[in-house]
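Visitor: Got my_file17.tsv for you, TSV, C-alpha atoms:
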chain	number	residue	atom	x	y	z
S	1	MET	CA	8.88	10.12	-17.20
S	2	THR	CA	5.78	7.96	-17.19
S	3	ALA	CA	3.85	6.84	-14.14
S	4	ASP	CA	5.44	3.38	-14.14
S	5	ASP	CA	9.04	4.14	-15.15
S	6	SER	CA	10.62	4.82	-11.78
S	7	PHE	CA	8.12	3.30	-9.43
S	8	GLY	CA	7.42	-0.08	-11.03
S	9	ARG	CA	4.40	-2.04	-9.97
S	10	LEU	CA	5.21	-2.00	-6.26
S	11	ASP	CA	2.31	-1.76	-3.85
S	12	ASP	CA	4.43	-0.16	-1.19
S	13	ASP	CA	2.23	1.91	1.10
S	14	TYR	CA	5.02	2.86	3.49
S	15	PRO	CA	5.24	6.69	3.65
S	16	ALA	CA	8.98	6.90	3.03
S	17	TYR	CA	9.33	10.12	1.02
S	18	THR	CA	9.23	13.70	2.23
S	19	MET	CA	7.38	16.28	0.21
S	20	GLY	CA	10.64	17.75	-1.05
S	21	ARG	CA	12.01	14.37	-2.12
S	22	ALA	CA	8.71	13.37	-3.71
S	23	ALA	CA	8.59	16.62	-5.71
S	24	GLU	CA	12.19	16.08	-6.79
S	25	MET	CA	11.52	12.49	-7.88
S	26	LEU	CA	8.49	13.59	-9.91
S	27	ASN	CA	10.28	16.63	-11.30
S	28	THR	CA	7.46	18.83	-10.06
S	29	THR	CA	6.81	21.36	-7.33
S	30	GLN	CA	5.64	20.95	-3.78
S	31	GLY	CA	2.70	23.12	-4.79
S	32	PHE	CA	1.62	20.47	-7.29
S	33	LEU	CA	1.67	17.84	-4.55
S	34	ARG	CA	-0.37	20.12	-2.30
S	35	ALA	CA	-2.85	20.73	-5.13
S	36	ILE	CA	-3.47	17.04	-5.80
S	37	GLY	CA	-3.81	16.56	-2.06
S	38	GLU	CA	-6.42	19.31	-1.93
S	39	ALA	CA	-8.20	17.65	-4.87
S	40	ARG	CA	-8.19	14.48	-2.72
S	41	LEU	CA	-6.33	12.40	-5.26
S	42	ILE	CA	-3.83	11.37	-2.60
S	43	THR	CA	-3.72	11.92	1.13
S	44	PRO	CA	-0.17	11.86	2.43
S	45	LEU	CA	0.44	10.59	5.90
S	46	ARG	CA	1.95	12.95	8.43
S	47	SER	CA	5.11	12.47	10.43
S	48	ALA	CA	5.12	13.07	14.17
S	49	GLY	CA	6.19	16.63	13.38
S	50	GLY	CA	3.28	17.12	10.97
S	51	HIS	CA	5.30	16.86	7.74
S	52	ARG	CA	3.77	15.18	4.70
S	53	ARG	CA	5.12	11.74	3.81
S	54	TYR	CA	4.39	9.93	0.54
S	55	SER	CA	4.42	6.24	-0.37
S	56	ARG	CA	5.60	4.75	-3.65
S	57	TYR	CA	1.99	4.06	-4.57
S	58	GLN	CA	1.12	7.72	-4.02
S	59	LEU	CA	4.09	8.76	-6.13
S	60	ARG	CA	2.86	6.58	-9.02
S	61	VAL	CA	-0.58	8.18	-8.75
S	62	ALA	CA	0.96	11.66	-8.62
S	63	ALA	CA	3.17	10.86	-11.62
S	64	ARG	CA	0.11	9.87	-13.67
S	65	ALA	CA	-1.67	13.09	-12.69
S	66	ARG	CA	1.46	15.03	-13.64
S	67	GLU	CA	1.47	13.38	-17.11
S	68	LEU	CA	-2.10	14.51	-17.69
S	69	VAL	CA	-1.45	18.04	-16.43
S	70	ASP	CA	1.66	18.30	-18.59
S	71	GLY	CA	-0.55	17.31	-21.53
S	72	GLY	CA	-2.86	20.25	-20.89
S	73	THR	CA	-5.52	18.69	-18.67
S	74	PRO	CA	-6.66	20.92	-15.80
S	75	ILE	CA	-5.53	19.56	-12.43
S	76	GLU	CA	-9.06	18.87	-11.13
S	77	ALA	CA	-9.90	16.92	-14.31
S	78	ALA	CA	-6.57	15.08	-14.18
S	79	CYS	CA	-7.30	13.97	-10.63
S	80	ARG	CA	-10.75	12.75	-11.61
S	81	ILE	CA	-9.33	10.85	-14.60
S	82	VAL	CA	-6.73	9.13	-12.42
S	83	ILE	CA	-9.43	8.14	-9.91
S	84	LEU	CA	-11.61	6.73	-12.70
S	85	GLU	CA	-8.66	4.86	-14.23
S	86	ASP	CA	-7.94	3.31	-10.85
S	87	GLN	CA	-11.60	2.33	-10.38
S	88	LEU	CA	-11.71	0.80	-13.87
S	89	GLU	CA	-8.54	-1.21	-13.25
S	90	GLU	CA	-9.97	-2.54	-9.99
S	91	ALA	CA	-13.31	-3.43	-11.64
S	92	GLN	CA	-11.49	-5.26	-14.43
S	93	ARG	CA	-9.42	-7.18	-11.87
S	94	ILE	CA	-12.55	-8.20	-9.95
S	95	ASN	CA	-14.32	-9.15	-13.18
S	96	ALA	CA	-11.37	-11.33	-14.27
S	97	GLU	CA	-11.32	-13.05	-10.87
S	98	HIS	CA	-15.06	-13.64	-11.03
S	99	HIS	CA	-14.80	-14.99	-14.58
S	100	ARG	CA	-11.95	-17.29	-13.57
S	101	ASP	CA	-13.86	-18.54	-10.49
S	102	THR	CA	-17.13	-19.20	-12.33
S	103	LYS	CA	-15.72	-20.70	-15.52
S	104	PRO	CA	-16.96	-24.29	-15.84
S	105	PRO	CA	-14.28	-26.97	-16.10
S	106	SER	CA	-13.34	-27.97	-19.62
S	107	THR	CA	-14.73	-31.22	-20.87
S	108	PRO	CA	-12.52	-33.31	-23.10
S	109	THR	CA	-13.61	-33.48	-26.72
S	110	PRO	CA	-14.39	-36.98	-27.99
S	111	VAL	CA	-11.87	-38.42	-30.38
Would you kindly transcribe this structure into structure tokens?
Guide:
Amino acid sequence: MTADDSFGRLDDDYPAYTMGRAAEMLNTTQGFLRAIGEARLITPLRSAGGHRRYSRYQLRVAARARELVDGGTPIEAACRIVILEDQLEEAQRINAEHHRDTKPPSTPTPV
């Protein structure tokens, strides 16, 4: 499974998934989810009873980290890579917006 296969491009931040369900969906362990939480890649919200709850966005991030770890990258490095990828994507989005906003209007070419 890749990071985008099951979770699409949804920006759903609602913490709908329990730790057990999230681990099952990612085909990983609860320990992995705890480890990426300790590495501060994701911070699950807590239910009233103190149980971790994950959003779809967090599951996509965790899935990407899992891909890297499965490929042999140490978990701390995988978390850092995912953070840097996210920062790069955001910078590229901002740059594209800036470029679009500052682009001068086209002038028609004389015939």
Visitor: Using all atoms listed in the file for the distances, tell me which of S:Ala39, S:Leu33, S:Ile81, S:Ala91 is nearest to S:Ala62.
Guide: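 Residue with the minimum atom-to-atom distance to S:Ala62: S:Leu33.
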Visitor: If I take atom CA of S:Ile75 and atom CA of S:Gln30, how far is one from the other in Å, to one decimal?
Guide: 14.2 Å
Visitor: Need the shell around S:Asp13: protein/DNA/RNA residues with any atom at most 10 Å away, counting only C-alpha atoms. Skip same-chain ones fewer than 5 positions apart. Format as JSON, numbers by chain?
Guide: {"S": [54, 55, 56, 57, 58]}
Visitor: Which is closest to S:Asn27 among S:Pro104, S:Gly71, S:Asn95, S:Ala63, if we use only C-alpha atoms?
Guide: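 Among the listed residues, S:Ala63 lies closest to S:Asn27.
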Visitor: Kindly give the distance, in Å, that separates atom CA of S:Tyr14 and atom CA of S:Leu88, rounded to a single decimal.
Guide: 24.2 Å
Visitor: Select all residues near (-6.9, 9.3, -10.7) (cut-off 9 Å, inclusive, file coordinates), counting only C-alpha atoms, and output them as an NGL selection string.
Guide: :S and (41-42 or 61-62 or 64-65 or 77-87)
Visitor: For the selection you just gave me, I'd like the residues written to a file as a PDB file, in the frame of the given file, keeping C-alpha atoms.
Guide:
ATOM      1  CA  LEU S  41      -6.330  12.400  -5.260  1.00  0.00           C
ATOM      2  CA  ILE S  42      -3.830  11.370  -2.600  1.00  0.00           C
ATOM      3  CA  VAL S  61      -0.580   8.180  -8.750  1.00  0.00           C
ATOM      4  CA  ALA S  62       0.960  11.660  -8.620  1.00  0.00           C
ATOM      5  CA  ARG S  64       0.110   9.870 -13.670  1.00  0.00           C
ATOM      6  CA  ALA S  65      -1.670  13.090 -12.690  1.00  0.00           C
ATOM      7  CA  ALA S  77      -9.900  16.920 -14.310  1.00  0.00           C
ATOM      8  CA  ALA S  78      -6.570  15.080 -14.180  1.00  0.00           C
ATOM      9  CA  CYS S  79      -7.300  13.970 -10.630  1.00  0.00           C
ATOM     10  CA  ARG S  80     -10.750  12.750 -11.610  1.00  0.00           C
ATOM     11  CA  ILE S  81      -9.330  10.850 -14.600  1.00  0.00           C
ATOM     12  CA  VAL S  82      -6.730   9.130 -12.420  1.00  0.00           C
ATOM     13  CA  ILE S  83      -9.430   8.140  -9.910  1.00  0.00           C
ATOM     14  CA  LEU S  84     -11.610   6.730 -12.700  1.00  0.00           C
ATOM     15  CA  GLU S  85      -8.660   4.860 -14.230  1.00  0.00           C
ATOM     16  CA  ASP S  86      -7.940   3.310 -10.850  1.00  0.00           C
ATOM     17  CA  GLN S  87     -11.600   2.330 -10.380  1.00  0.00           C
TER      18      GLN S  87
END
Visitor: In Å, with one decimal, what is the gap from atom CA of S:Tyr17 to atom CA of S:Glu67?
Guide: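 Between atom CA of S:Tyr17 and atom CA of S:Glu67 the gap works out to 20.0 Å.
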Visitor: Using all atoms listed in the file for the distances, tell me which of S:Ala16, S:Lys103, S:His98, S:Glu90 is nearest to S:Arg53.
Guide: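 Nearest to S:Arg53: S:Ala16.
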Visitor: Report as a PyMOL selection string all protein, DNA and RNA residues lying within 10 Å of S:Arg34, evaluated on all atoms listed in the file, omitting residues in the same chain fewer than 3 positions from it.
Guide: chain S and resi 19+29-31+37-40+42-44+52
Visitor: Taking all atoms of stretch 82-100 of chain S that the file lists and extending 3 Å past them on each side, where is the centre of the axis-aligned box and how long are its edges? Answer in Å to one decimal, as lines of an AutoDock Vina configuration file.
Guide:
center_x = -10.9
center_y = -4.1
center_z = -12.2
size_x = 14.3
size_y = 32.4
size_z = 10.7
Visitor: Using all heavy atoms, give me stretch 42-57 of chain S from the structure I just pasted, as a PDB file, in the first residue's frame.
Guide:
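The result, written out as selection.pdb:
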ATOM      1  N   ILE S  42       3.345  12.725  14.117  1.00  0.00           N
ATOM      2  CA  ILE S  42       1.922  13.003  14.266  1.00  0.00           C
ATOM      3  C   ILE S  42       1.603  13.056  15.755  1.00  0.00           C
ATOM      4  O   ILE S  42       2.278  12.430  16.563  1.00  0.00           O
ATOM      5  CB  ILE S  42       1.033  11.936  13.575  1.00  0.00           C
ATOM      6  CG1 ILE S  42       1.306  10.549  14.128  1.00  0.00           C
ATOM      7  CG2 ILE S  42       1.195  11.967  12.072  1.00  0.00           C
ATOM      8  CD1 ILE S  42       0.380   9.472  13.594  1.00  0.00           C
ATOM      9  N   THR S  43       0.584  13.811  16.081  1.00  0.00           N
ATOM     10  CA  THR S  43       0.122  13.896  17.463  1.00  0.00           C
ATOM     11  C   THR S  43      -1.360  13.574  17.461  1.00  0.00           C
ATOM     12  O   THR S  43      -2.179  14.425  17.099  1.00  0.00           O
ATOM     13  CB  THR S  43       0.363  15.295  18.055  1.00  0.00           C
ATOM     14  OG1 THR S  43       1.741  15.612  17.949  1.00  0.00           O
ATOM     15  CG2 THR S  43      -0.071  15.350  19.511  1.00  0.00           C
ATOM     16  N   PRO S  44      -1.700  12.352  17.803  1.00  0.00           N
ATOM     17  CA  PRO S  44      -3.126  11.996  17.791  1.00  0.00           C
ATOM     18  C   PRO S  44      -3.882  12.772  18.861  1.00  0.00           C
ATOM     19  O   PRO S  44      -3.314  13.135  19.897  1.00  0.00           O
ATOM     20  CB  PRO S  44      -3.121  10.500  18.091  1.00  0.00           C
ATOM     21  CG  PRO S  44      -1.834  10.241  18.786  1.00  0.00           C
ATOM     22  CD  PRO S  44      -0.858  11.258  18.276  1.00  0.00           C
ATOM     23  N   LEU S  45      -5.135  13.028  18.573  1.00  0.00           N
ATOM     24  CA  LEU S  45      -5.982  13.637  19.585  1.00  0.00           C
ATOM     25  C   LEU S  45      -6.390  12.557  20.572  1.00  0.00           C
ATOM     26  O   LEU S  45      -6.217  11.367  20.307  1.00  0.00           O
ATOM     27  CB  LEU S  45      -7.199  14.275  18.931  1.00  0.00           C
ATOM     28  CG  LEU S  45      -6.868  15.466  18.033  1.00  0.00           C
ATOM     29  CD1 LEU S  45      -8.113  15.959  17.334  1.00  0.00           C
ATOM     30  CD2 LEU S  45      -6.227  16.588  18.831  1.00  0.00           C
ATOM     31  N   ARG S  46      -6.893  12.959  21.686  1.00  0.00           N
ATOM     32  CA  ARG S  46      -7.315  11.995  22.713  1.00  0.00           C
ATOM     33  C   ARG S  46      -8.813  12.077  22.924  1.00  0.00           C
ATOM     34  O   ARG S  46      -9.394  13.161  22.933  1.00  0.00           O
ATOM     35  CB  ARG S  46      -6.605  12.276  24.040  1.00  0.00           C
ATOM     36  CG  ARG S  46      -5.089  12.173  23.999  1.00  0.00           C
ATOM     37  CD  ARG S  46      -4.656  10.745  23.985  1.00  0.00           C
ATOM     38  NE  ARG S  46      -3.202  10.628  23.989  1.00  0.00           N
ATOM     39  CZ  ARG S  46      -2.554   9.637  24.534  1.00  0.00           C
ATOM     40  NH1 ARG S  46      -3.213   8.666  25.129  1.00  0.00           N
ATOM     41  NH2 ARG S  46      -1.249   9.598  24.479  1.00  0.00           N
ATOM     42  N   SER S  47      -9.421  10.918  23.082  1.00  0.00           N
ATOM     43  CA  SER S  47     -10.849  10.871  23.400  1.00  0.00           C
ATOM     44  C   SER S  47     -11.032  11.300  24.848  1.00  0.00           C
ATOM     45  O   SER S  47     -10.050  11.473  25.593  1.00  0.00           O
ATOM     46  CB  SER S  47     -11.375   9.447  23.197  1.00  0.00           C
ATOM     47  OG  SER S  47     -10.820   8.584  24.183  1.00  0.00           O
ATOM     48  N   ALA S  48     -12.273  11.439  25.262  1.00  0.00           N
ATOM     49  CA  ALA S  48     -12.555  11.811  26.645  1.00  0.00           C
ATOM     50  C   ALA S  48     -11.952  10.801  27.615  1.00  0.00           C
ATOM     51  O   ALA S  48     -11.542  11.151  28.720  1.00  0.00           O
ATOM     52  CB  ALA S  48     -14.061  11.922  26.864  1.00  0.00           C
ATOM     53  N   GLY S  49     -11.864   9.563  27.191  1.00  0.00           N
ATOM     54  CA  GLY S  49     -11.277   8.512  28.026  1.00  0.00           C
ATOM     55  C   GLY S  49      -9.763   8.412  27.916  1.00  0.00           C
ATOM     56  O   GLY S  49      -9.152   7.541  28.511  1.00  0.00           O
ATOM     57  N   GLY S  50      -9.148   9.286  27.111  1.00  0.00           N
ATOM     58  CA  GLY S  50      -7.690   9.306  26.983  1.00  0.00           C
ATOM     59  C   GLY S  50      -7.137   8.420  25.883  1.00  0.00           C
ATOM     60  O   GLY S  50      -5.928   8.273  25.752  1.00  0.00           O
ATOM     61  N   HIS S  51      -8.002   7.833  25.055  1.00  0.00           N
ATOM     62  CA  HIS S  51      -7.551   6.958  23.979  1.00  0.00           C
ATOM     63  C   HIS S  51      -7.138   7.770  22.759  1.00  0.00           C
ATOM     64  O   HIS S  51      -7.761   8.785  22.441  1.00  0.00           O
ATOM     65  CB  HIS S  51      -8.661   5.966  23.596  1.00  0.00           C
ATOM     66  CG  HIS S  51      -9.077   5.093  24.734  1.00  0.00           C
ATOM     67  ND1 HIS S  51      -8.330   4.011  25.138  1.00  0.00           N
ATOM     68  CD2 HIS S  51     -10.142   5.161  25.565  1.00  0.00           C
ATOM     69  CE1 HIS S  51      -8.933   3.443  26.176  1.00  0.00           C
ATOM     70  NE2 HIS S  51     -10.031   4.126  26.454  1.00  0.00           N
ATOM     71  N   ARG S  52      -6.087   7.301  22.079  1.00  0.00           N
ATOM     72  CA  ARG S  52      -5.617   7.997  20.883  1.00  0.00           C
ATOM     73  C   ARG S  52      -6.637   7.850  19.758  1.00  0.00           C
ATOM     74  O   ARG S  52      -7.177   6.785  19.527  1.00  0.00           O
ATOM     75  CB  ARG S  52      -4.280   7.407  20.422  1.00  0.00           C
ATOM     76  CG  ARG S  52      -3.121   7.708  21.345  1.00  0.00           C
ATOM     77  CD  ARG S  52      -1.872   6.953  20.859  1.00  0.00           C
ATOM     78  NE  ARG S  52      -0.729   7.204  21.690  1.00  0.00           N
ATOM     79  CZ  ARG S  52      -0.422   6.504  22.782  1.00  0.00           C
ATOM     80  NH1 ARG S  52      -1.182   5.504  23.172  1.00  0.00           N
ATOM     81  NH2 ARG S  52       0.652   6.802  23.492  1.00  0.00           N
ATOM     82  N   ARG S  53      -6.813   8.944  19.014  1.00  0.00           N
ATOM     83  CA  ARG S  53      -7.690   8.978  17.842  1.00  0.00           C
ATOM     84  C   ARG S  53      -6.926   9.634  16.692  1.00  0.00           C
ATOM     85  O   ARG S  53      -6.281  10.660  16.876  1.00  0.00           O
ATOM     86  CB  ARG S  53      -8.958   9.781  18.122  1.00  0.00           C
ATOM     87  CG  ARG S  53      -9.798   9.227  19.233  1.00  0.00           C
ATOM     88  CD  ARG S  53     -10.639   8.074  18.728  1.00  0.00           C
ATOM     89  NE  ARG S  53     -11.622   7.693  19.734  1.00  0.00           N
ATOM     90  CZ  ARG S  53     -11.727   6.477  20.216  1.00  0.00           C
ATOM     91  NH1 ARG S  53     -10.945   5.527  19.795  1.00  0.00           N
ATOM     92  NH2 ARG S  53     -12.641   6.208  21.117  1.00  0.00           N
ATOM     93  N   TYR S  54      -7.027   9.022  15.515  1.00  0.00           N
ATOM     94  CA  TYR S  54      -6.273   9.473  14.347  1.00  0.00           C
ATOM     95  C   TYR S  54      -7.203   9.959  13.244  1.00  0.00           C
ATOM     96  O   TYR S  54      -8.263   9.393  13.026  1.00  0.00           O
ATOM     97  CB  TYR S  54      -5.409   8.331  13.803  1.00  0.00           C
ATOM     98  CG  TYR S  54      -4.375   7.870  14.787  1.00  0.00           C
ATOM     99  CD1 TYR S  54      -4.664   6.867  15.711  1.00  0.00           C
ATOM    100  CD2 TYR S  54      -3.115   8.438  14.815  1.00  0.00           C
ATOM    101  CE1 TYR S  54      -3.720   6.454  16.634  1.00  0.00           C
ATOM    102  CE2 TYR S  54      -2.165   8.028  15.737  1.00  0.00           C
ATOM    103  CZ  TYR S  54      -2.476   7.036  16.641  1.00  0.00           C
ATOM    104  OH  TYR S  54      -1.538   6.633  17.547  1.00  0.00           O
ATOM    105  N   SER S  55      -6.761  10.982  12.532  1.00  0.00           N
ATOM    106  CA  SER S  55      -7.507  11.504  11.385  1.00  0.00           C
ATOM    107  C   SER S  55      -7.001  10.833  10.108  1.00  0.00           C
ATOM    108  O   SER S  55      -5.953  10.177  10.103  1.00  0.00           O
ATOM    109  CB  SER S  55      -7.306  13.013  11.273  1.00  0.00           C
ATOM    110  OG  SER S  55      -5.965  13.312  10.907  1.00  0.00           O
ATOM    111  N   ARG S  56      -7.727  11.033   9.032  1.00  0.00           N
ATOM    112  CA  ARG S  56      -7.288  10.497   7.735  1.00  0.00           C
ATOM    113  C   ARG S  56      -5.964  11.117   7.320  1.00  0.00           C
ATOM    114  O   ARG S  56      -5.108  10.436   6.769  1.00  0.00           O
ATOM    115  CB  ARG S  56      -8.349  10.751   6.670  1.00  0.00           C
ATOM    116  CG  ARG S  56      -9.559   9.899   6.837  1.00  0.00           C
ATOM    117  CD  ARG S  56     -10.545  10.150   5.731  1.00  0.00           C
ATOM    118  NE  ARG S  56     -11.729   9.345   5.962  1.00  0.00           N
ATOM    119  CZ  ARG S  56     -12.734   9.277   5.146  1.00  0.00           C
ATOM    120  NH1 ARG S  56     -12.727   9.984   4.025  1.00  0.00           N
ATOM    121  NH2 ARG S  56     -13.768   8.523   5.425  1.00  0.00           N
ATOM    122  N   TYR S  57      -5.819  12.402   7.568  1.00  0.00           N
ATOM    123  CA  TYR S  57      -4.544  13.052   7.240  1.00  0.00           C
ATOM    124  C   TYR S  57      -3.395  12.384   7.996  1.00  0.00           C
ATOM    125  O   TYR S  57      -2.351  12.075   7.417  1.00  0.00           O
ATOM    126  CB  TYR S  57      -4.605  14.549   7.573  1.00  0.00           C
ATOM    127  CG  TYR S  57      -3.263  15.217   7.440  1.00  0.00           C
ATOM    128  CD1 TYR S  57      -2.754  15.537   6.192  1.00  0.00           C
ATOM    129  CD2 TYR S  57      -2.485  15.484   8.564  1.00  0.00           C
ATOM    130  CE1 TYR S  57      -1.509  16.123   6.054  1.00  0.00           C
ATOM    131  CE2 TYR S  57      -1.244  16.078   8.442  1.00  0.00           C
ATOM    132  CZ  TYR S  57      -0.760  16.390   7.181  1.00  0.00           C
ATOM    133  OH  TYR S  57       0.480  16.955   7.058  1.00  0.00           O
TER     134      TYR S  57
END
